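Read the structure below first, then the notes.
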Amino acid sequence: MARLVVRKPDEDAGKAWPAIAIGLFVAFGGVLFGYDTGTISGILAMDYWQNLFSTGYVNTKGHLDVSPSQSSAIVSILSAGTFFGSLGSPLLADNIGRRFALIASSWVFILGVILQTAATALPLFLAGRFFAGFGVGLVSALIPLYQSETAPRWIRGAIVGAYQFAITIGLLLAAVVDYATQNRQDTGSYRIPVAVQFAWAIILIGGMLFLPETPRFLIKKGQHDKAARSLSRLRRLEHTHVAIQEELREIQANHDYEMSIGSSTYIDCFRGPMLKRQLTGMGLQALQQLTGINFIFYYGTQYFKNSGIQDPFTIQMITSCINVVSTIPGLWAVDRLGRRPLLLWGAVGMCASQFLVAMLGTLTTGQDSDGNIIVYNVAAQKAGIAFVCIYIFFFASTWGPLAWVVTGEIFPLKSRAKGLSMTTATNWLLNWAIAYATPYLVNYGEGYANLQSKIFFVWFGACFICISFVYFFIYETKGWSLEEVDELYSEVTSARKSTSWTPSTTFAQRQGLTETVAPGVGGGAAAKAEGVNDPQHSDGASHQDEKVAV
């Protein structure tokens with residue numbers, strides 16, 4: 001039974017629960033992300049909304065509706081807003097701090113919700129979607145940043161992964177509220193699901209007013225005393241405690257070394273050794289989107305309806321429930337089994353599931369002359385939905401949370417906000433591209449590709465690429481401090497060798513009790529003599545730290 005528990009290392013002083021509780025609360029911002037992206041799928045399928053917002057287009061069932069191009073714009077403009085929001089996040093995070101940046105971002109989101117709630121025609125609704133997206137983009141880059149800089153290293157993966165868990169809860173809540181209001185024949189059918197988002201933003205703002213700023217940001221700004229007090233709140237130790245001072249010296253030394261070789265710009269994120277990390281983070285976030293998850297949650301209700309399912313809203317709620325529940329084993333495994341094996345086997349499972357969904361849908365459905373779907377085998381369609389659920393399990397337990405975990409921990413302090421903003425922007429850029437292109441790829445009619453279920457072959461191909469990407473580019477960072485991850489990338493050139501790496505300085509050497517190991521002698525005799533070859537005994541100092549601090 002003990003093997004199932006991720007335990008706090010004995011040598012880590014202080015309490016872990018305050019930092020864990022703070023990290024989990026901040027993850028609540030993922031509800032904004034998940035709910036806002038999830039609610040639009042149900043709104044687009046509501047009869048009242050279709051009649052009210054239609055500009056005269058009639059769908060294949062003879063019902064007033066928005067056109068495929070308008071539907072594409074409504075869904076994708078949120079992602080356009082999030083793209084620009086995530087790119088702009090460092091302007092707030094590196095100037096007013098991670099904490100106040102999250103508060104400001106929530107107010108931007110509230111503006112978008114106000115506009116959507118007030119809308120009775122497409123122009124205002126589209127404007128609201130954009131501003132809500134801008135706020136979500138800011139939040140989606142800032143939350144993993146805040147979590148990574150406050151979480152204890154031994155459980156950082158689960159804490160940052162909880163952000164994805166909150167996203168799945170948001171998607172589920174969106175499905176529930178949409179289901180409850182779908183048959184209303186008044187503006188409440190869509191205004192209630194939209195207005196509920198005020199609550200999520202107010203809760204996040206209220207909590208952030210009482211939480212501490214991250215110690216790493218305060219060190220970055222030269223505010224050592226404030227950093228000590230912030231870290232003391234996270235560890236429940238006096239700010240003068242030796243463990244607090246040692247951890248701050250480690251962060252300070254690492255930051256001093258980084259600044260000694262120059263400040264960081266956006267261009268610097270694509271230069272020298274940073275290029276590998278930046279492309280890894282951007283590739284990981286791009287592939288997360290290309291696995292097809294947002295097709296299911298953006299257009300799933302309409303897709304299931306087209307496939308002959310009698311109650312597509314119910315299916316959407318079921319898939320949302322699976323998404324939530326399946327995230328939980330991933331949060332346990334990320335700090336127990338590691339990043340590489342979860343991402344690798346998750347990609348294998350998603351690949352197989354998407355292929356089967358594509359085959360079942362393609363071989364057992366057809367279309368009449370008006371483009372309506374004809375189902376030849378209802379049992380096969382149900383089997384296809386079962387494999388969609390299996391795909392969601394693999395995604396939610398691996399690629400869903402781990403994309404945020406990995407990108408939140410691979411960048412050094414001076415470029416972390418900028419690097420993370422660009423990886424998040426990549427996620428949203430692909431999110432936008434998929435949301436915009438999907439109606440043109442799937443729908444029937446002149447100018448449309450009419451892929452229908454064949455779209456799942458595209459997601460299958462992307463999942464196949466995911467397998468190779470993990471094998472060649474994803475480093476194992478389980479159990480290391482953010483400063484040790486920086487050292488890992490500087491010493492190990494191949495991701496495949498990262499699983500056997502250990503820091504080249506020991507806890508005793510950091511305390512000055514033994515001779516300092518020269519830079520570049522990672523895992524040498526001195527380290528082995530101390531018997532410290534695992535992350536549980538690592539002190540977190542990098543070679544760079546030694547050059548400055550010792």
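Residues are referred to by chain and number: the chain letter is A, B, ... according to the order shown in the structure tokens, the number counts from 1 in that chain, and ligands are numbered separately from 1 in the order shown.
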Practice prompt. May I have the residues within 7 Å of range 340-343 of chain A as a list in words, using only C-alpha atoms and disregarding those fewer than 6 positions away in the same chain?
Written response: Thr398, Trp399, Val470, Ile474, Tyr475 and Glu476 of chain A
Output of the above residues as a PDB file, in the first residue's frame, restricted to N, CA, C and O atoms:
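What follows is the written file again.pdb:
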ATOM      1  N   THR A 398      -2.899  11.313 -19.305  1.00  0.00           N
ATOM      2  CA  THR A 398      -1.503  11.501 -19.726  1.00  0.00           C
ATOM      3  C   THR A 398      -1.287  12.865 -20.389  1.00  0.00           C
ATOM      4  O   THR A 398      -0.837  13.801 -19.745  1.00  0.00           O
ATOM      5  N   TRP A 399      -1.623  13.003 -21.644  1.00  0.00           N
ATOM      6  CA  TRP A 399      -1.288  14.207 -22.389  1.00  0.00           C
ATOM      7  C   TRP A 399      -2.046  15.430 -21.889  1.00  0.00           C
ATOM      8  O   TRP A 399      -1.539  16.562 -22.026  1.00  0.00           O
ATOM      9  N   VAL A 470       7.771  11.917 -28.039  1.00  0.00           N
ATOM     10  CA  VAL A 470       8.097  11.642 -26.634  1.00  0.00           C
ATOM     11  C   VAL A 470       9.420  10.903 -26.532  1.00  0.00           C
ATOM     12  O   VAL A 470      10.279  11.245 -25.701  1.00  0.00           O
ATOM     13  N   ILE A 474      11.330  14.260 -25.005  1.00  0.00           N
ATOM     14  CA  ILE A 474      10.851  14.539 -23.654  1.00  0.00           C
ATOM     15  C   ILE A 474      11.841  14.018 -22.606  1.00  0.00           C
ATOM     16  O   ILE A 474      12.114  12.822 -22.546  1.00  0.00           O
ATOM     17  N   TYR A 475      12.366  14.929 -21.791  1.00  0.00           N
ATOM     18  CA  TYR A 475      13.273  14.577 -20.697  1.00  0.00           C
ATOM     19  C   TYR A 475      12.467  14.150 -19.474  1.00  0.00           C
ATOM     20  O   TYR A 475      11.371  14.665 -19.235  1.00  0.00           O
ATOM     21  N   GLU A 476      13.046  13.234 -18.694  1.00  0.00           N
ATOM     22  CA  GLU A 476      12.410  12.824 -17.449  1.00  0.00           C
ATOM     23  C   GLU A 476      12.810  13.802 -16.350  1.00  0.00           C
ATOM     24  O   GLU A 476      13.990  13.902 -16.002  1.00  0.00           O
TER      25      GLU A 476
END
What are the closest atom pairs, with distances in Å to one decimal, for each residue of range 103-198 of chain A lying within 8 Å of range 22-26 of chain A, using only C-alpha atoms, rows by chain and rising residue number, as a tab-separated table?
residue	atom	partner	partner_atom	distance
A:Ile143	CA	A:Val26	CA	6.5
A:Tyr146	CA	A:Gly23	CA	7.9
A:Gln147	CA	A:Gly23	CA	5.3
A:Thr150	CA	A:Gly23	CA	7.2
A:Ala151	CA	A:Gly23	CA	6.5
A:Ile159	CA	A:Gly23	CA	5.9
A:Val160	CA	A:Gly23	CA	7.4
A:Ala162	CA	A:Leu24	CA	6.5
A:Tyr163	CA	A:Leu24	CA	7.7
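Minimum atom-to-atom distance to Gly479 in chain A, evaluated using only C-alpha atoms, belongs to A:Ala158 out of A:Val75, A:Ala195, A:Ala158, A:Leu91.
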Checklist entry - If you count only C-alpha atoms, which residues fall within 9 Å of Met359 in chain A, apart from same-chain ones fewer than 5 positions away, as number ranges by chain? => result A: 354, 364, 384, 453-454, 456-457
Do a neighbour search on range 235-242 of chain A at 6 Å with only C-alpha atoms, toss out local chain neighbours closer than 5 positions, and write the hits as an MDAnalysis selection string. chainID A and resid 14:15 228:229
Expected file contents, prior selection, C-alpha atoms, as a PDB file, in the first residue's frame:
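And here's selection.pdb as it stands now:
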ATOM      1  CA  GLY A  14       8.732  22.295   7.026  1.00  0.00           C
ATOM      2  CA  LYS A  15       5.189  21.475   5.992  1.00  0.00           C
ATOM      3  CA  ALA A 228      11.903  34.704   2.528  1.00  0.00           C
ATOM      4  CA  ARG A 229       8.533  35.577   4.049  1.00  0.00           C
TER       5      ARG A 229
END
What residues in range 268-404 of chain A get the DSSP label helix (DSSP H, G or I)? Please answer as a PyMOL selection string. chain A and resi 268-270+274-290+293-306+312-334+339-364+378-404
Quick one: residues within 7 Å of Phe393 in chain A, only C-alpha atoms counted, chain neighbours fewer than 4 positions away excluded, as a count of residues only? 5
